[in-house]
$ cat work_29.pdb   # PDB, N, CA and C atoms
ATOM      1  N   MET A   7      83.662 115.186 -61.276
ATOM      2  CA  MET A   7      83.260 114.578 -62.520
ATOM      3  C   MET A   7      84.445 113.808 -63.089
ATOM      4  N   HIS A   8      84.209 112.586 -63.495
ATOM      5  CA  HIS A   8      85.259 111.722 -64.019
ATOM      6  C   HIS A   8      85.010 111.473 -65.502
ATOM      7  N   LEU A   9      86.027 111.706 -66.310
ATOM      8  CA  LEU A   9      85.901 111.530 -67.764
ATOM      9  C   LEU A   9      86.872 110.450 -68.209
ATOM     10  N   THR A  10      86.365 109.452 -68.874
ATOM     11  CA  THR A  10      87.202 108.375 -69.372
ATOM     12  C   THR A  10      87.344 108.502 -70.880
ATOM     13  N   VAL A  11      88.560 108.478 -71.345
ATOM     14  CA  VAL A  11      88.831 108.546 -72.776
ATOM     15  C   VAL A  11      89.430 107.218 -73.201
ATOM     16  N   ARG A  12      88.776 106.567 -74.119
ATOM     17  CA  ARG A  12      89.301 105.290 -74.612
ATOM     18  C   ARG A  12      90.287 105.552 -75.732
ATOM     19  N   SER A  13      91.442 105.006 -75.583
ATOM     20  CA  SER A  13      92.452 105.129 -76.625
ATOM     21  C   SER A  13      92.524 103.795 -77.354
ATOM     22  N   GLN A  14      91.813 103.734 -78.440
ATOM     23  CA  GLN A  14      91.774 102.485 -79.198
ATOM     24  C   GLN A  14      92.103 102.820 -80.637
ATOM     25  N   LYS A  15      93.080 102.121 -81.193
ATOM     26  CA  LYS A  15      93.484 102.386 -82.566
ATOM     27  C   LYS A  15      92.449 101.809 -83.522
ATOM     28  N   MET A  16      91.921 102.679 -84.378
ATOM     29  CA  MET A  16      90.960 102.256 -85.389
ATOM     30  C   MET A  16      91.650 102.306 -86.744
ATOM     31  N   ASP A  17      91.433 101.288 -87.535
ATOM     32  CA  ASP A  17      91.990 101.257 -88.875
ATOM     33  C   ASP A  17      90.957 101.754 -89.869
ATOM     34  N   LEU A  18      91.405 102.502 -90.860
ATOM     35  CA  LEU A  18      90.536 102.919 -91.945
ATOM     36  C   LEU A  18      90.639 101.888 -93.056
ATOM     37  N   VAL A  19      89.493 101.401 -93.490
ATOM     38  CA  VAL A  19      89.445 100.346 -94.499
ATOM     39  C   VAL A  19      88.565 100.821 -95.649
ATOM     40  N   ASP A  20      89.030 100.625 -96.879
ATOM     41  CA  ASP A  20      88.243 100.968 -98.058
ATOM     42  C   ASP A  20      87.553  99.709 -98.568
ATOM     43  N   LEU A  21      86.221  99.769 -98.686
ATOM     44  CA  LEU A  21      85.416  98.610 -99.072
ATOM     45  C   LEU A  21      84.387  99.002-100.121
ATOM     46  N   HIS A  22      83.836  97.993-100.776
ATOM     47  CA  HIS A  22      82.659  98.212-101.608
ATOM     48  C   HIS A  22      81.473  98.347-100.661
ATOM     49  N   LEU A  23      80.489  99.126-101.036
ATOM     50  CA  LEU A  23      79.319  99.333-100.182
ATOM     51  C   LEU A  23      78.641  98.014 -99.828
ATOM     52  N   THR A  24      78.700  97.032-100.710
ATOM     53  CA  THR A  24      78.076  95.728-100.446
ATOM     54  C   THR A  24      78.756  94.983 -99.305
ATOM     55  N   GLN A  25      79.962  95.384 -98.922
ATOM     56  CA  GLN A  25      80.702  94.698 -97.869
ATOM     57  C   GLN A  25      80.400  95.230 -96.470
ATOM     58  N   LEU A  26      79.622  96.308 -96.370
ATOM     59  CA  LEU A  26      79.247  96.833 -95.057
ATOM     60  C   LEU A  26      78.141  95.983 -94.461
ATOM     61  N   ARG A  27      78.190  95.821 -93.135
ATOM     62  CA  ARG A  27      77.161  95.071 -92.417
ATOM     63  C   ARG A  27      76.017  95.998 -92.035
ATOM     64  N   ASP A  28      74.885  95.412 -91.689
ATOM     65  CA  ASP A  28      73.737  96.198 -91.233
ATOM     66  C   ASP A  28      74.153  97.068 -90.052
ATOM     67  N   GLY A  29      73.788  98.358 -90.098
ATOM     68  CA  GLY A  29      74.120  99.288 -89.025
ATOM     69  C   GLY A  29      75.479  99.948 -89.169
ATOM     70  N   GLU A  30      76.304  99.470 -90.075
ATOM     71  CA  GLU A  30      77.651 100.022 -90.252
ATOM     72  C   GLU A  30      77.593 101.222 -91.199
ATOM     73  N   SER A  31      78.460 102.192 -90.959
ATOM     74  CA  SER A  31      78.469 103.381 -91.809
ATOM     75  C   SER A  31      79.881 103.715 -92.253
ATOM     76  N   GLY A  32      79.958 104.554 -93.269
ATOM     77  CA  GLY A  32      81.241 104.977 -93.799
ATOM     78  C   GLY A  32      81.060 106.208 -94.659
ATOM     79  N   VAL A  33      82.166 106.689 -95.200
ATOM     80  CA  VAL A  33      82.157 107.866 -96.053
ATOM     81  C   VAL A  33      82.448 107.428 -97.483
ATOM     82  N   ILE A  34      81.636 107.910 -98.412
ATOM     83  CA  ILE A  34      81.806 107.539 -99.818
ATOM     84  C   ILE A  34      83.085 108.165-100.350
ATOM     85  N   LEU A  35      83.931 107.321-100.956
ATOM     86  CA  LEU A  35      85.189 107.787-101.543
ATOM     87  C   LEU A  35      85.034 108.107-103.018
ATOM     88  N   SER A  36      84.553 107.113-103.784
ATOM     89  CA  SER A  36      84.438 107.286-105.231
ATOM     90  C   SER A  36      83.557 106.197-105.810
ATOM     91  N   PHE A  37      83.365 106.276-107.111
ATOM     92  CA  PHE A  37      82.583 105.288-107.845
ATOM     93  C   PHE A  37      83.510 104.540-108.797
ATOM     94  N   ILE A  38      83.159 103.317-109.103
ATOM     95  CA  ILE A  38      83.927 102.505-110.044
ATOM     96  C   ILE A  38      83.153 102.451-111.351
ATOM     97  N   SER A  39      83.848 102.636-112.455
ATOM     98  CA  SER A  39      83.196 102.660-113.763
ATOM     99  C   SER A  39      82.666 101.284-114.138
ATOM    100  N   PRO A  40      81.776 101.223-115.124
ATOM    101  CA  PRO A  40      81.295  99.922-115.591
ATOM    102  C   PRO A  40      82.434  99.020-116.071
ATOM    103  N   GLN A  41      83.553  99.620-116.478
ATOM    104  CA  GLN A  41      84.709  98.831-116.920
ATOM    105  C   GLN A  41      85.594  98.414-115.748
ATOM    106  N   GLY A  42      85.264  98.877-114.547
ATOM    107  CA  GLY A  42      86.020  98.486-113.359
ATOM    108  C   GLY A  42      87.112  99.441-112.963
ATOM    109  N   ASN A  43      87.191 100.607-113.592
ATOM    110  CA  ASN A  43      88.236 101.576-113.280
ATOM    111  C   ASN A  43      87.670 102.740-112.486
ATOM    112  N   PRO A  44      88.454 103.299-111.555
ATOM    113  CA  PRO A  44      87.989 104.512-110.882
ATOM    114  C   PRO A  44      88.004 105.675-111.875
ATOM    115  N   PRO A  45      87.166 106.691-111.672
ATOM    116  CA  PRO A  45      87.108 107.809-112.616
ATOM    117  C   PRO A  45      88.378 108.647-112.585
ATOM    118  N   ARG A  46      88.734 109.206-113.725
ATOM    119  CA  ARG A  46      89.854 110.139-113.815
ATOM    120  C   ARG A  46      89.288 111.549-113.756
ATOM    121  N   SER A  47      90.086 112.492-113.285
ATOM    122  CA  SER A  47      89.587 113.865-113.199
ATOM    123  C   SER A  47      89.290 114.379-114.604
ATOM    124  N   GLY A  48      88.187 115.095-114.712
ATOM    125  CA  GLY A  48      87.784 115.644-116.006
ATOM    126  C   GLY A  48      87.032 114.664-116.884
ATOM    127  N   GLN A  49      86.929 113.410-116.459
ATOM    128  CA  GLN A  49      86.237 112.397-117.249
ATOM    129  C   GLN A  49      84.728 112.613-117.153
ATOM    130  N   ARG A  50      84.029 112.348-118.249
ATOM    131  CA  ARG A  50      82.571 112.468-118.258
ATOM    132  C   ARG A  50      81.943 111.517-117.257
ATOM    133  N   LYS A  51      80.857 111.944-116.613
ATOM    134  CA  LYS A  51      80.192 111.097-115.626
ATOM    135  C   LYS A  51      79.384 110.016-116.315
ATOM    136  N   TRP A  52      79.335 108.832-115.693
ATOM    137  CA  TRP A  52      78.535 107.731-116.210
ATOM    138  C   TRP A  52      77.096 107.939-115.772
ATOM    139  N   SER A  53      76.168 107.327-116.471
ATOM    140  CA  SER A  53      74.751 107.526-116.159
ATOM    141  C   SER A  53      74.422 107.059-114.739
ATOM    142  N   PHE A  54      75.019 105.943-114.296
ATOM    143  CA  PHE A  54      74.730 105.470-112.935
ATOM    144  C   PHE A  54      75.292 106.443-111.906
ATOM    145  N   GLN A  55      76.421 107.084-112.218
ATOM    146  CA  GLN A  55      76.997 108.062-111.296
ATOM    147  C   GLN A  55      76.089 109.284-111.182
ATOM    148  N   ARG A  56      75.547 109.742-112.282
ATOM    149  CA  ARG A  56      74.610 110.870-112.242
ATOM    150  C   ARG A  56      73.364 110.505-111.431
ATOM    151  N   ARG A  57      72.899 109.278-111.602
ATOM    152  CA  ARG A  57      71.708 108.833-110.856
ATOM    153  C   ARG A  57      71.984 108.813-109.353
ATOM    154  N   LEU A  58      73.147 108.279-108.959
ATOM    155  CA  LEU A  58      73.510 108.257-107.544
ATOM    156  C   LEU A  58      73.607 109.671-106.979
ATOM    157  N   GLU A  59      74.230 110.558-107.724
ATOM    158  CA  GLU A  59      74.374 111.939-107.258
ATOM    159  C   GLU A  59      73.015 112.620-107.135
ATOM    160  N   ASP A  60      72.075 112.291-108.015
ATOM    161  CA  ASP A  60      70.718 112.836-107.919
ATOM    162  C   ASP A  60      70.032 112.382-106.627
ATOM    163  N   MET A  61      70.405 111.203-106.120
ATOM    164  CA  MET A  61      69.834 110.680-104.877
ATOM    165  C   MET A  61      70.594 111.172-103.649
ATOM    166  N   GLY A  62      71.650 111.989-103.843
ATOM    167  CA  GLY A  62      72.423 112.510-102.720
ATOM    168  C   GLY A  62      73.621 111.668-102.352
ATOM    169  N   ILE A  63      73.914 110.638-103.140
ATOM    170  CA  ILE A  63      75.063 109.772-102.880
ATOM    171  C   ILE A  63      76.247 110.340-103.654
ATOM    172  N   THR A  64      77.073 111.118-102.953
ATOM    173  CA  THR A  64      78.220 111.776-103.577
ATOM    174  C   THR A  64      79.477 111.517-102.749
ATOM    175  N   PRO A  65      80.655 111.599-103.372
ATOM    176  CA  PRO A  65      81.892 111.433-102.600
ATOM    177  C   PRO A  65      81.946 112.424-101.433
ATOM    178  N   GLY A  66      82.366 111.925-100.275
ATOM    179  CA  GLY A  66      82.456 112.736 -99.066
ATOM    180  C   GLY A  66      81.218 112.649 -98.181
ATOM    181  N   THR A  67      80.166 112.001 -98.658
ATOM    182  CA  THR A  67      78.914 111.881 -97.909
ATOM    183  C   THR A  67      78.948 110.640 -97.023
ATOM    184  N   ARG A  68      78.463 110.777 -95.791
ATOM    185  CA  ARG A  68      78.354 109.626 -94.887
ATOM    186  C   ARG A  68      77.116 108.834 -95.252
ATOM    187  N   VAL A  69      77.268 107.518 -95.297
ATOM    188  CA  VAL A  69      76.176 106.614 -95.637
ATOM    189  C   VAL A  69      76.134 105.495 -94.610
ATOM    190  N   ARG A  70      74.922 105.057 -94.239
ATOM    191  CA  ARG A  70      74.767 103.962 -93.281
ATOM    192  C   ARG A  70      73.876 102.892 -93.888
ATOM    193  N   VAL A  71      74.293 101.636 -93.745
ATOM    194  CA  VAL A  71      73.482 100.512 -94.215
ATOM    195  C   VAL A  71      72.440 100.227 -93.147
ATOM    196  N   VAL A  72      71.175 100.418 -93.502
ATOM    197  CA  VAL A  72      70.080 100.158 -92.572
ATOM    198  C   VAL A  72      69.776  98.674 -92.577
ATOM    199  N   LYS A  73      69.598  98.115 -93.770
ATOM    200  CA  LYS A  73      69.288  96.690 -93.884
ATOM    201  C   LYS A  73      69.737  96.187 -95.238
ATOM    202  N   SER A  74      70.335  95.030 -95.212
ATOM    203  CA  SER A  74      70.760  94.363 -96.444
ATOM    204  C   SER A  74      69.823  93.181 -96.664
ATOM    205  N   ALA A  75      69.041  93.236 -97.732
ATOM    206  CA  ALA A  75      68.056  92.184 -97.997
ATOM    207  C   ALA A  75      68.755  90.853 -98.293
ATOM    208  N   PRO A  76      68.161  89.753 -97.881
ATOM    209  CA  PRO A  76      68.771  88.443 -98.148
ATOM    210  C   PRO A  76      68.666  88.064 -99.626
ATOM    211  N   PHE A  77      69.397  87.045 -99.984
ATOM    212  CA  PHE A  77      69.363  86.479-101.344
ATOM    213  C   PHE A  77      69.708  87.509-102.410
ATOM    214  N   ARG A  78      70.744  88.304-102.137
ATOM    215  CA  ARG A  78      71.269  89.277-103.100
ATOM    216  C   ARG A  78      70.242  90.346-103.482
ATOM    217  N   GLY A  79      69.368  90.666-102.542
ATOM    218  CA  GLY A  79      68.367  91.704-102.755
ATOM    219  C   GLY A  79      68.965  93.090-102.576
ATOM    220  N   PRO A  80      68.137  94.128-102.648
ATOM    221  CA  PRO A  80      68.645  95.501-102.527
ATOM    222  C   PRO A  80      69.158  95.823-101.129
ATOM    223  N   ILE A  81      69.881  96.928-101.043
ATOM    224  CA  ILE A  81      70.445  97.402 -99.792
ATOM    225  C   ILE A  81      69.743  98.705 -99.424
ATOM    226  N   GLU A  82      69.194  98.761 -98.203
ATOM    227  CA  GLU A  82      68.543  99.983 -97.734
ATOM    228  C   GLU A  82      69.591 100.850 -97.051
ATOM    229  N   LEU A  83      69.680 102.113 -97.470
ATOM    230  CA  LEU A  83      70.684 103.041 -96.970
ATOM    231  C   LEU A  83      70.032 104.242 -96.307
ATOM    232  N   GLN A  84      70.782 104.859 -95.403
ATOM    233  CA  GLN A  84      70.393 106.158 -94.876
ATOM    234  C   GLN A  84      71.467 107.133 -95.338
ATOM    235  N   VAL A  85      71.026 108.127 -96.117
ATOM    236  CA  VAL A  85      71.934 109.119 -96.687
ATOM    237  C   VAL A  85      71.327 110.498 -96.471
ATOM    238  N   ARG A  86      72.058 111.390 -95.822
ATOM    239  CA  ARG A  86      71.608 112.772 -95.604
ATOM    240  C   ARG A  86      70.223 112.838 -94.966
ATOM    241  N   GLY A  87      69.932 111.921 -94.046
ATOM    242  CA  GLY A  87      68.669 111.933 -93.333
ATOM    243  C   GLY A  87      67.524 111.237 -94.050
ATOM    244  N   SER A  88      67.750 110.741 -95.248
ATOM    245  CA  SER A  88      66.715 110.025 -96.006
ATOM    246  C   SER A  88      67.095 108.567 -96.160
ATOM    247  N   ARG A  89      66.079 107.741 -96.315
ATOM    248  CA  ARG A  89      66.315 106.319 -96.567
ATOM    249  C   ARG A  89      65.993 106.002 -98.018
ATOM    250  N   LEU A  90      66.838 105.190 -98.623
ATOM    251  CA  LEU A  90      66.599 104.762 -99.991
ATOM    252  C   LEU A  90      67.196 103.385-100.188
ATOM    253  N   ALA A  91      66.781 102.719-101.236
ATOM    254  CA  ALA A  91      67.284 101.376-101.529
ATOM    255  C   ALA A  91      67.933 101.383-102.905
ATOM    256  N   ILE A  92      69.067 100.693-103.011
ATOM    257  CA  ILE A  92      69.729 100.535-104.303
ATOM    258  C   ILE A  92      70.070  99.060-104.488
ATOM    259  N   GLY A  93      70.182  98.652-105.731
ATOM    260  CA  GLY A  93      70.530  97.274-106.042
ATOM    261  C   GLY A  93      71.991  96.980-105.745
ATOM    262  N   ARG A  94      72.290  95.711-105.594
ATOM    263  CA  ARG A  94      73.666  95.305-105.276
ATOM    264  C   ARG A  94      74.651  95.613-106.394
ATOM    265  N   GLY A  95      74.188  95.540-107.633
ATOM    266  CA  GLY A  95      75.080  95.855-108.752
ATOM    267  C   GLY A  95      75.584  97.283-108.677
ATOM    268  N   MET A  96      74.691  98.200-108.348
ATOM    269  CA  MET A  96      75.066  99.602-108.205
ATOM    270  C   MET A  96      75.900  99.798-106.940
ATOM    271  N   ALA A  97      75.519  99.140-105.847
ATOM    272  CA  ALA A  97      76.246  99.277-104.578
ATOM    273  C   ALA A  97      77.673  98.744-104.690
ATOM    274  N   ARG A  98      77.874  97.760-105.547
ATOM    275  CA  ARG A  98      79.200  97.179-105.742
ATOM    276  C   ARG A  98      80.159  98.180-106.388
ATOM    277  N   LYS A  99      79.628  99.202-107.030
ATOM    278  CA  LYS A  99      80.454 100.194-107.726
ATOM    279  C   LYS A  99      80.741 101.425-106.872
ATOM    280  N   ILE A 100      80.362 101.369-105.585
ATOM    281  CA  ILE A 100      80.586 102.496-104.677
ATOM    282  C   ILE A 100      81.651 102.103-103.663
ATOM    283  N   LEU A 101      82.749 102.871-103.614
ATOM    284  CA  LEU A 101      83.812 102.638-102.633
ATOM    285  C   LEU A 101      83.557 103.494-101.410
ATOM    286  N   VAL A 102      83.671 102.875-100.230
ATOM    287  CA  VAL A 102      83.386 103.533 -98.963
ATOM    288  C   VAL A 102      84.565 103.341 -98.019
ATOM    289  N   ARG A 103      84.901 104.371 -97.249
ATOM    290  CA  ARG A 103      85.951 104.269 -96.225
ATOM    291  C   ARG A 103      85.265 104.075 -94.881
ATOM    292  N   VAL A 104      85.681 103.008 -94.168
ATOM    293  CA  VAL A 104      85.055 102.600 -92.907
ATOM    294  C   VAL A 104      86.124 102.529 -91.826
ATOM    295  N   GLU A 105      85.760 102.912 -90.593
ATOM    296  CA  GLU A 105      86.638 102.707 -89.436
ATOM    297  C   GLU A 105      86.351 101.354 -88.841
ATOM    298  N   ARG A 106      87.382 100.540 -88.694
ATOM    299  CA  ARG A 106      87.221  99.214 -88.073
ATOM    300  C   ARG A 106      88.328  98.971 -87.088
TER     301      ARG A 106
END
$ encode --input "work_29.pdb" --output "C-alpha cells"
Amino acid sequence: MHLTVRSQKMDLVDLHLTQLRDGESGVILSFISPQGNPPRSGQRKWSFQRRLEDMGITPGTRVRVVKSAPFRGPIELQVRGSRLAIGRGMARKILVRVER
C-alpha cells in the first residue's frame, strides 16, 4: 500500500463572510458591531448577533457558502448540517478564518 502525503503550505486568511466564494468554507471568528468595531469581552450582545446565534452561527462554528445570489442578493450557507440564507449586510459583519 502506497500513501502519498502532500506537503503544501496553506495560509490562514481572515475575511468577511461576503468574500468567500461558492463552495468555500471557514470558521467563524467574531462579529463586527454596527459601528464597525469588534465586540469587547463583557459587552452586551447586539440584536443581529443574538439573531445569528439563534440560527446556530456562533464563533468557532464551521460555515460553508453554498450559493451567493447575483446582484447583491442573499448568501445561502450550510451551518451545522442546515441550510439558511442571510442578507449581505449581515454577512458583511461576520469575520471568518479561511485556509487558502
$ resolve_selection --input "work_29.pdb" --expression "the PyMOL selection byres ((chain A and resi 99) around 8)" --output "list in words"
His22, Leu23, Thr24, Ser36, Phe37, Ile38, Ser39, Pro40, Arg94, Gly95, Met96, Ala97, Arg98, Ile100, Leu101 and Val102 of chain A
$ select_by_dssp --input "work_29.pdb" --residues "region 17-100 of chain A" --states "alpha helix (DSSP H)" --output "list of chain:residue names"
A:Ser53, A:Phe54, A:Gln55, A:Arg56, A:Arg57, A:Leu58, A:Glu59, A:Asp60, A:Arg94, A:Gly95, A:Met96, A:Ala97
$ atom_distance --input "work_29.pdb" --atom1 "CA of Leu83 (chain A)" --atom2 "CA of Asp28 (chain A)"
9.4 Å
$ closest_residue --input "work_29.pdb" --among "A:Asp20, A:Gly62, A:Arg70, A:Phe54" --to "Val104 (chain A)" --atoms "only N, CA and C atoms"
A:Asp20
$ residues_around --input "work_29.pdb" --residues "Arg103 (chain A)" --least-positions-apart "6" --cutoff "6.5 Å" --atoms "all atoms listed in the file" --output "list in words"
Leu18, Val19, Asp20, Leu21, Ser31, Gly32, Val33, Ile34 and Leu35 of chain A
$ resolve_selection --input "work_29.pdb" --expression "the PyMOL selection byres (((chain A and resi 81 and name CA) around 9) and name CA)" --output "PyMOL selection string"
chain A and resi 24+71-75+78-80+82-83+90-94+97
